[in-house]
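Shown below: work20.csv, with CSV, C-alpha atoms.
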chain,number,residue,atom,x,y,z
A,17,MET,CA,115.0,106.8,103.7
A,18,ASN,CA,118.5,105.3,103.3
A,19,ARG,CA,119.2,101.8,102.0
A,20,ALA,CA,119.1,100.0,105.4
A,21,GLN,CA,115.8,101.7,106.4
A,22,ARG,CA,114.3,100.6,103.1
A,23,ILE,CA,115.4,97.0,103.5
A,24,TYR,CA,113.9,97.0,107.0
A,25,ALA,CA,110.7,98.7,105.8
A,26,LEU,CA,110.2,96.1,103.0
A,27,HIS,CA,110.9,93.2,105.4
A,28,ARG,CA,108.3,94.6,107.8
A,29,LEU,CA,105.8,95.1,104.9
A,30,PHE,CA,106.1,91.5,103.8
A,31,HIS,CA,105.6,90.3,107.4
A,32,THR,CA,102.5,92.4,108.1
A,33,HIS,CA,100.7,91.3,104.9
A,34,ASN,CA,99.3,87.9,104.2
A,35,GLN,CA,99.1,88.5,100.5
A,36,PRO,CA,101.5,89.8,97.8
A,37,VAL,CA,102.2,93.5,98.0
A,38,PRO,CA,101.9,95.5,94.7
A,39,ARG,CA,104.9,97.4,93.5
A,40,ALA,CA,103.1,100.7,93.7
A,41,ARG,CA,102.4,100.1,97.4
A,42,ILE,CA,106.1,99.2,98.0
A,43,GLN,CA,107.2,102.4,96.2
A,44,ASP,CA,104.9,104.5,98.5
A,45,GLU,CA,106.1,102.7,101.7
A,46,LEU,CA,109.8,102.9,100.7
A,47,GLU,CA,109.5,106.5,99.3
A,48,CYS,CA,111.4,105.6,96.2
A,49,SER,CA,111.2,104.9,92.5
A,50,GLN,CA,110.4,101.7,90.7
A,51,ALA,CA,114.1,101.3,89.8
A,52,THR,CA,115.1,101.6,93.5
A,53,VAL,CA,112.5,99.0,94.5
A,54,LYS,CA,114.0,96.5,92.0
A,55,ARG,CA,117.5,97.3,93.3
A,56,ILE,CA,116.5,96.8,96.9
A,57,ILE,CA,114.8,93.5,96.1
A,58,ALA,CA,117.8,92.3,94.2
A,59,GLU,CA,120.1,93.2,97.1
A,60,MET,CA,117.9,91.4,99.6
A,61,ARG,CA,117.9,88.3,97.4
A,62,ASP,CA,121.6,88.2,96.6
A,63,MET,CA,123.2,89.5,99.8
A,64,LEU,CA,120.7,88.5,102.5
A,65,GLY,CA,119.2,85.3,100.9
A,66,ALA,CA,115.7,86.7,101.1
A,67,PRO,CA,113.2,84.4,99.4
A,68,ILE,CA,111.3,87.2,97.6
A,69,VAL,CA,109.1,86.0,94.7
A,70,PHE,CA,106.8,87.8,92.3
A,71,ASP,CA,103.2,86.5,92.2
A,72,ARG,CA,102.0,87.3,88.7
A,73,ASP,CA,98.4,86.3,89.4
A,74,ALA,CA,98.2,88.7,92.4
A,75,GLY,CA,100.5,91.3,90.8
A,76,GLY,CA,102.8,91.7,93.8
A,77,TYR,CA,105.9,90.6,95.7
A,78,ARG,CA,106.0,88.4,98.9
A,79,TYR,CA,108.2,86.0,100.8
A,80,ASP,CA,108.0,82.6,99.3
A,81,PRO,CA,105.7,80.6,101.8
A,82,ALA,CA,107.5,77.4,100.8
A,83,ALA,CA,110.8,78.8,102.1
A,84,GLY,CA,109.5,79.0,105.7
A,85,ALA,CA,109.9,82.0,108.0
A,86,PHE,CA,112.6,84.4,107.0
A,87,GLU,CA,114.3,86.9,109.3
A,88,LEU,CA,117.0,89.5,108.4
A,89,PRO,CA,120.4,88.3,109.6
A,90,GLY,CA,122.4,90.3,112.1
A,91,PHE,CA,121.0,93.6,113.5
A,92,TRP,CA,118.3,95.3,111.6
A,93,PHE,CA,116.3,97.9,113.5
A,94,ASN,CA,114.4,101.0,112.6
A,95,GLU,CA,115.5,104.3,114.0
A,96,SER,CA,113.4,104.3,117.2
A,97,GLU,CA,114.4,100.7,118.0
A,98,LEU,CA,118.1,101.5,117.6
A,99,TYR,CA,117.9,104.4,119.9
A,100,ALA,CA,116.0,102.3,122.5
A,101,VAL,CA,118.7,99.6,122.4
A,102,LEU,CA,121.5,102.1,122.7
A,103,ALA,CA,119.7,103.8,125.6
A,104,ALA,CA,119.4,100.5,127.4
A,105,ILE,CA,123.1,99.7,126.9
A,106,GLN,CA,124.0,103.2,128.2
A,107,PHE,CA,121.9,102.5,131.3
A,108,LEU,CA,123.7,99.3,131.9
A,109,GLU,CA,127.1,100.9,131.5
A,110,SER,CA,126.1,103.9,133.7
A,111,THR,CA,125.4,101.5,136.7
A,112,GLN,CA,129.2,101.2,136.9
A,113,PRO,CA,131.7,102.1,134.2
A,114,GLY,CA,133.4,99.0,132.8
A,115,LEU,CA,131.2,96.5,134.7
A,116,LEU,CA,129.7,95.0,131.6
A,117,GLN,CA,132.4,96.2,129.2
A,118,ARG,CA,133.6,92.8,128.0
A,119,PRO,CA,130.3,91.2,127.3
A,120,LEU,CA,128.9,94.3,125.7
A,121,GLN,CA,131.9,95.3,123.6
A,122,ASP,CA,131.1,93.1,120.5
A,123,LEU,CA,127.4,94.1,120.7
A,124,LEU,CA,128.3,97.8,120.8
A,125,LYS,CA,130.6,97.4,117.8
A,126,ARG,CA,127.9,95.7,115.7
A,127,LEU,CA,125.3,98.3,116.8
A,128,ARG,CA,127.5,101.1,115.9
A,129,LEU,CA,128.0,99.7,112.4
A,130,ALA,CA,124.2,99.2,112.0
A,131,VAL,CA,123.7,102.8,113.1
A,132,GLN,CA,126.3,104.2,110.8
A,133,ASP,CA,124.8,102.2,107.9
A,134,MET,CA,121.5,104.0,108.6
A,135,GLY,CA,123.1,107.4,108.6
A,136,LEU,CA,122.5,108.0,112.3
A,137,ASN,CA,124.8,109.4,115.0
A,138,VAL,CA,125.5,107.1,118.0
A,139,ASP,CA,127.3,109.8,120.0
A,140,ASP,CA,124.3,112.1,119.6
A,141,LEU,CA,122.2,109.8,121.8
A,142,ILE,CA,124.9,109.8,124.6
A,143,HIS,CA,124.8,113.6,124.7
A,144,ARG,CA,120.9,113.8,124.6
A,145,VAL,CA,120.1,111.1,127.2
A,146,LEU,CA,121.9,111.7,130.6
A,147,LEU,CA,121.8,109.2,133.4
A,148,HIS,CA,123.2,110.5,136.7
A,149,PRO,CA,123.5,107.8,139.4
A,150,MET,CA,123.3,108.9,143.0
A,151,ARG,CA,126.0,107.5,145.4
A,152,PRO,CA,126.7,104.3,143.3
A,153,ARG,CA,128.5,101.4,145.1
A,154,PRO,CA,131.0,99.8,142.7
A,155,VAL,CA,131.0,96.0,142.2
A,156,HIS,CA,134.1,94.0,141.4
A,157,PRO,CA,133.6,92.9,137.7
A,158,PRO,CA,134.7,89.2,138.3
A,159,VAL,CA,132.2,88.9,141.1
A,160,PHE,CA,129.4,90.2,138.9
A,161,GLU,CA,130.3,87.8,136.1
A,162,ALA,CA,130.4,84.8,138.4
A,163,LEU,CA,127.0,85.7,140.0
A,164,ALA,CA,125.4,86.2,136.5
A,165,ALA,CA,126.9,82.9,135.3
A,166,GLY,CA,125.6,81.0,138.4
A,167,LEU,CA,122.2,82.7,138.2
A,168,LEU,CA,121.6,82.0,134.5
A,169,GLY,CA,123.0,78.4,134.8
A,170,SER,CA,120.9,77.7,137.9
A,171,ARG,CA,124.0,76.7,139.9
A,172,LYS,CA,125.0,77.1,143.5
A,173,ILE,CA,127.5,79.8,144.3
A,174,ARG,CA,130.1,80.0,147.1
A,175,LEU,CA,130.5,83.5,148.4
A,176,LEU,CA,132.9,85.3,150.7
A,177,TYR,CA,130.6,87.9,152.1
A,178,HIS,CA,131.5,90.9,154.3
A,179,GLY,CA,128.3,92.1,155.8
A,180,PRO,CA,128.2,95.8,157.0
A,181,ASP,CA,127.6,94.6,160.5
A,182,LYS,CA,130.5,92.1,160.6
A,183,GLN,CA,134.2,92.6,161.4
A,184,THR,CA,135.4,89.9,158.9
A,185,PRO,CA,134.0,88.2,155.8
A,186,SER,CA,132.2,84.9,156.2
A,187,PRO,CA,131.8,82.1,153.7
A,188,ARG,CA,128.3,81.4,152.3
A,189,THR,CA,126.8,78.9,149.9
A,190,ILE,CA,123.7,80.2,148.2
A,191,HIS,CA,121.0,79.3,145.7
A,192,PRO,CA,120.7,82.5,143.5
A,193,PHE,CA,117.2,83.7,142.6
A,194,ARG,CA,117.5,87.1,141.0
A,195,LEU,CA,119.9,90.0,140.4
A,196,LEU,CA,118.3,93.3,141.3
A,197,ARG,CA,119.3,96.9,140.6
A,198,TYR,CA,117.8,98.9,143.4
A,199,ARG,CA,118.5,102.6,144.2
A,200,ASP,CA,121.8,102.7,142.3
A,201,ALA,CA,123.1,99.5,143.9
A,202,TRP,CA,123.2,95.8,142.8
A,203,TYR,CA,121.7,93.1,145.0
A,204,LEU,CA,121.4,89.3,144.7
A,205,LEU,CA,118.2,87.6,146.1
A,206,ALA,CA,119.1,84.1,147.2
A,207,HIS,CA,118.6,81.3,149.6
A,208,CYS,CA,121.5,81.0,152.1
A,209,ASP,CA,122.4,77.5,153.2
A,210,GLN,CA,124.1,78.8,156.4
A,211,ALA,CA,121.0,80.8,157.5
A,212,ASP,CA,118.6,78.3,156.0
A,213,ASP,CA,116.5,81.2,154.8
A,214,ARG,CA,116.1,83.8,152.1
A,215,ARG,CA,118.7,86.6,152.1
A,216,THR,CA,119.5,89.8,150.2
A,217,PHE,CA,123.2,90.2,149.4
A,218,ALA,CA,124.7,93.6,148.4
A,219,LEU,CA,127.1,92.9,145.5
A,220,ASP,CA,129.5,95.5,146.7
A,221,ARG,CA,130.0,93.5,149.9
A,222,ILE,CA,130.9,90.3,148.1
A,223,VAL,CA,134.6,89.8,148.3
A,224,GLU,CA,134.8,86.6,146.2
A,225,ALA,CA,132.3,84.4,144.2
A,226,GLN,CA,132.7,81.0,142.7
A,227,VAL,CA,130.2,79.0,140.7
A,228,LEU,CA,129.7,75.4,142.0
A,229,PRO,CA,128.7,72.4,139.9
A,230,GLU,CA,125.7,71.6,142.0
A,231,GLN,CA,122.2,72.5,140.8
A,232,ALA,CA,120.6,75.4,142.7
A,233,ASN,CA,117.1,75.1,144.2
A,234,MET,CA,115.0,77.7,142.5
A,235,PRO,CA,111.5,78.9,143.6
A,236,ASP,CA,108.9,79.3,140.9
A,237,ASN,CA,108.6,82.7,139.4
A,238,LYS,CA,105.1,83.2,140.6
A,239,THR,CA,106.1,82.7,144.2
A,240,LEU,CA,109.1,85.0,143.9
A,241,ASP,CA,107.1,87.7,142.1
A,242,ALA,CA,104.5,87.6,144.8
A,243,LEU,CA,107.1,88.0,147.5
A,244,MET,CA,108.8,90.9,145.8
A,245,HIS,CA,105.5,92.6,145.2
A,246,ASP,CA,104.4,92.3,148.9
A,247,SER,CA,107.8,93.2,150.5
A,248,PHE,CA,108.7,96.8,151.2
A,249,GLY,CA,112.1,97.7,149.8
A,250,ILE,CA,115.0,95.4,149.5
A,251,PHE,CA,114.3,93.0,152.4
A,252,LEU,CA,112.3,90.0,151.4
A,253,ARG,CA,109.8,89.6,154.2
A,254,ASN,CA,106.1,89.0,154.1
A,255,PRO,CA,104.3,92.2,155.3
A,256,ASP,CA,102.5,91.6,158.6
A,257,ARG,CA,102.1,95.3,159.7
A,258,THR,CA,100.7,98.5,158.3
A,259,ALA,CA,102.3,101.9,158.7
A,260,THR,CA,100.4,105.1,158.8
A,261,LEU,CA,102.5,108.2,158.0
A,262,ARG,CA,101.4,111.8,158.1
A,263,PHE,CA,103.2,114.2,155.7
A,264,THR,CA,103.0,118.0,155.9
A,265,GLY,CA,104.3,121.0,153.9
A,266,GLN,CA,106.0,120.3,150.5
A,267,ALA,CA,106.6,116.7,151.5
A,268,ALA,CA,102.9,116.1,151.4
A,269,ARG,CA,102.5,117.3,147.8
A,270,TRP,CA,105.5,115.2,146.6
A,271,VAL,CA,104.5,112.0,148.4
A,272,GLU,CA,101.0,112.2,147.0
A,273,SER,CA,102.3,111.3,143.6
A,274,GLU,CA,104.8,108.7,144.7
A,275,VAL,CA,104.4,104.9,144.9
A,276,TRP,CA,106.1,103.5,148.0
A,277,HIS,CA,104.3,100.1,147.8
A,278,PRO,CA,101.9,98.6,145.2
A,279,ASP,CA,99.2,98.1,147.9
A,280,GLN,CA,99.5,101.6,149.5
A,281,SER,CA,96.6,103.9,150.1
A,282,GLY,CA,96.5,107.6,150.8
A,283,ALA,CA,94.2,110.5,151.6
A,284,TRP,CA,94.3,114.2,152.4
A,285,CYS,CA,93.4,115.2,155.9
A,286,GLY,CA,93.1,119.0,155.8
A,287,GLU,CA,96.6,120.2,154.7
A,288,ALA,CA,98.3,116.9,155.6
A,289,TYR,CA,98.6,113.8,153.5
A,290,GLU,CA,98.3,110.4,155.2
A,291,LEU,CA,99.9,107.4,153.6
A,292,ARG,CA,99.2,103.8,154.6
A,293,LEU,CA,101.4,101.0,153.4
A,294,PRO,CA,102.2,97.4,154.4
A,295,TYR,CA,105.7,96.4,155.5
A,296,GLY,CA,107.5,93.5,157.1
A,297,ASP,CA,111.1,94.6,157.9
A,298,GLN,CA,111.2,98.1,159.3
A,299,ARG,CA,114.9,98.9,158.8
A,300,GLU,CA,114.6,100.5,155.3
A,301,LEU,CA,111.3,102.1,156.2
A,302,VAL,CA,112.8,103.8,159.2
A,303,MET,CA,115.6,105.2,157.0
A,304,GLU,CA,113.1,106.5,154.5
A,305,ILE,CA,111.1,108.2,157.2
A,306,LEU,CA,114.1,110.0,158.7
A,307,LYS,CA,114.8,111.7,155.3
A,308,TYR,CA,111.7,113.9,155.7
A,309,GLY,CA,112.7,115.4,159.1
A,310,PRO,CA,109.9,117.5,160.6
A,311,ASP,CA,107.6,117.0,157.6
A,312,ILE,CA,106.6,113.5,158.6
A,313,GLU,CA,105.1,111.8,161.7
A,314,VAL,CA,104.6,108.1,162.2
A,315,LEU,CA,101.0,107.7,163.5
A,316,GLU,CA,101.1,103.9,163.8
A,317,PRO,CA,102.2,101.2,164.7
A,318,GLU,CA,103.7,102.2,168.0
A,319,GLU,CA,106.8,100.1,167.5
A,320,LEU,CA,107.7,101.9,164.3
A,321,ARG,CA,107.0,105.3,166.0
A,322,LEU,CA,109.4,104.3,168.8
A,323,ALA,CA,112.1,103.1,166.4
A,324,VAL,CA,112.1,106.4,164.6
A,325,ARG,CA,112.0,108.4,167.9
A,326,GLU,CA,115.1,106.5,169.1
A,327,ARG,CA,117.0,107.3,165.9
A,328,ILE,CA,116.1,111.0,166.1
A,329,LEU,CA,117.2,111.2,169.8
A,330,ALA,CA,120.4,109.4,169.1
A,331,ALA,CA,121.1,111.8,166.2
A,332,ALA,CA,120.2,114.8,168.4
A,333,LYS,CA,122.9,113.8,170.9
A,334,GLN,CA,125.5,114.5,168.3
A,335,TYR,CA,124.6,118.2,168.3
A,336,PHE,CA,123.4,119.0,171.8

Written as structure tokens, that's how I'd like the structure from this file.
Amino acid sequence: MNRAQRIYALHRLFHTHNQPVPRARIQDELECSQATVKRIIAEMRDMLGAPIVFDRDAGGYRYDPAAGAFELPGFWFNESELYAVLAAIQFLESTQPGLLQRPLQDLLKRLRLAVQDMGLNVDDLIHRVLLHPMRPRPVHPPVFEALAAGLLGSRKIRLLYHGPDKQTPSPRTIHPFRLLRYRDAWYLLAHCDQADDRRTFALDRIVEAQVLPEQANMPDNKTLDALMHDSFGIFLRNPDRTATLRFTGQAARWVESEVWHPDQSGAWCGEAYELRLPYGDQRELVMEILKYGPDIEVLEPEELRLAVRERILAAAKQYF
């Protein structure tokens, strides 16, 4: 152990024991000599203000109960925690380079110092953990920052939104619910005043965003959790239909282990695998079905089967 690891280990030892810890036990936990234990305790007292006292009757060290709860100042992690935090930051930055650079810059600096003090290599993690986004859709950083500020502050937001099916952007006033990272793209779940309904906004389609002073109307978390759980994909709509899909070939073996919906069910029928799942809005489900080509067949409902058939015939006209 290096110095920082021993300080962290001693701090954790005091927190997990309700009675004084003998010096011999501390030496075993910190893997060091008696002299090193005394030096670590002195450093924690002098440099970190740790209220460490020696209980002569019990023959051990502890945090002084009269001083109240004590926590190490700044960033103090063990090795696995440091790697977990750095991996999380790498994931955030991989969603779009530079998107969160400003708010994360100071945090990264302090984490690097903590890692160096523990004798670990920050860059080693970057080379060992690789995140490879598929077809990411970049978001304008000022838009992301405005949306995050409005969401966390529970404020209304005015958007200029250019939907993929519109020729020009349109103004919207929204009540933000949640930011969602879904299939390498950012989305905002919100209530739209213009539509007077829930809407899902793709962040890469937002041209401008301005936080308003008015308080946003927020649904309770339980209601929103239930809606997101029940909906299929990105469109927030209560499921009122059930799809039955038959997979064959390699697709059947892959899909057997996949979770398309929390309330799905599946079973093998000979060499085919049949998947049943609830859905409300069929748009994303149709796109998902088309990916499997001849290895999938929609058994029911008929309206979903017809929607897939129309898309296949329209695509075939491009080649015949």

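Distance annotation: of A:Arg194, A:Arg221, A:His178, A:Arg327, the residue with the minimal separation from Asp236 of chain A is A:Arg194; atom set is all atoms listed in the file.
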
**Message:** Here's a test: counting all atoms listed in the file, identify every protein, DNA and RNA residue with an atom at most 12 Å from (108.1, 109.2, 166.1) in the file's coordinate frame, and state them as JSON, numbers by chain.
**Reply:** {"A": [259, 260, 261, 262, 302, 305, 306, 308, 309, 310, 311, 312, 313, 314, 315, 316, 317, 318, 319, 320, 321, 322, 323, 324, 325, 326, 327, 328, 329]}

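The interatomic distance for the pair atom CA of Ile68 of chain A and atom CA of Tyr24 of chain A works out to 13.8 Å.
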
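One distance worth recording is that between atom CA of Gly265 of chain A and atom CA of Leu147 of chain A, which is 29.4 Å.
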
**Asked** Counting only C-alpha atoms, which of A:Thr52, A:Pro67, A:Asn237, A:Asp44 gets nearest to His27 of chain A?
**Response**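 Smallest separation from His27 of chain A among the options: A:Pro67.
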
**Message:** Between atom CA of Thr216 of chain A and atom CA of Thr184 of chain A, what distance in Å does the model show, to one decimal?
**Reply:** 18.1 Å

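The residue that comes closest to Arg72 of chain A, out of A:Val159, A:Val223, A:Met303, A:Val37 and on the basis of all atoms listed in the file, is A:Val37.
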
**Asked** Which protein, DNA or RNA residues have an atom at most 10 Å from (121.5, 77.2, 139.1), counting all atoms listed in the file? List them as a list in words.
**Response**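 Those residues lying close to the given coordinates are Ala165, Gly166, Leu167, Leu168, Gly169, Ser170, Arg171, Lys172, Ile173, Ile190, His191, Pro192, Phe193, Val227, Leu228, Pro229, Glu230, Gln231, Ala232, Asn233 and Met234 of chain A.
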
Using all atoms listed in the file, which residues sit within 10 Å of Gly249 of chain A once same-chain residues fewer than 4 positions away are excluded, as a PDB file with C-alpha atoms, in the frame of the given file?
ATOM      1  CA  TYR A 198     117.800  98.900 143.400  1.00  0.00           C
ATOM      2  CA  ARG A 199     118.500 102.600 144.200  1.00  0.00           C
ATOM      3  CA  MET A 244     108.800  90.900 145.800  1.00  0.00           C
ATOM      4  CA  HIS A 245     105.500  92.600 145.200  1.00  0.00           C
ATOM      5  CA  ARG A 253     109.800  89.600 154.200  1.00  0.00           C
ATOM      6  CA  TRP A 276     106.100 103.500 148.000  1.00  0.00           C
ATOM      7  CA  HIS A 277     104.300 100.100 147.800  1.00  0.00           C
ATOM      8  CA  TYR A 295     105.700  96.400 155.500  1.00  0.00           C
ATOM      9  CA  GLY A 296     107.500  93.500 157.100  1.00  0.00           C
ATOM     10  CA  ASP A 297     111.100  94.600 157.900  1.00  0.00           C
ATOM     11  CA  GLN A 298     111.200  98.100 159.300  1.00  0.00           C
ATOM     12  CA  ARG A 299     114.900  98.900 158.800  1.00  0.00           C
ATOM     13  CA  GLU A 300     114.600 100.500 155.300  1.00  0.00           C
ATOM     14  CA  LEU A 301     111.300 102.100 156.200  1.00  0.00           C
TER      15      LEU A 301
END

**Request:** Choose the residue, out of A:Leu204, A:Leu146, A:Leu291, A:Val155, that has the smallest atom-to-atom separation from Phe251 of chain A; count all atoms listed in the file.
**Result:**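 Closest to Phe251 of chain A of all the choices is A:Leu204.
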
**Asked** Any idea what's packed within 10 Å of Val53 of chain A, counting only C-alpha atoms, ignoring anything in its chain fewer than 2 positions away? Could you give it as a list in words?
**Response**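 Everything that qualifies: Arg22, Ile23, Leu26, Arg39, Ala40, Ile42, Gln43, Leu46, Glu47, Cys48, Ser49, Gln50, Ala51, Arg55, Ile56, Ile57, Ala58 and Glu59 of chain A.
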
**Message:** When you count all atoms listed in the file, which of these residues is closest to Leu195 of chain A: A:His33, A:Phe217, A:Pro255, A:Pro38?
**Reply:** A:Phe217

**Request:** Considering only C-alpha atoms, return as a list of chain:residue names whatever protein or nucleic-acid residues lie within 9 Å of Asp209 of chain A, sequence-local ones (same chain, fewer than 3 positions apart) excluded.
**Result:** A:Arg188, A:Thr189, A:Ile190, A:His191, A:Asp212, A:Asp213, A:Arg214

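Across A:Asp73, A:Gln106, A:Gly65, A:Asp181, the tightest approach to Phe86 of chain A is made by A:Gly65 when counting only C-alpha atoms.
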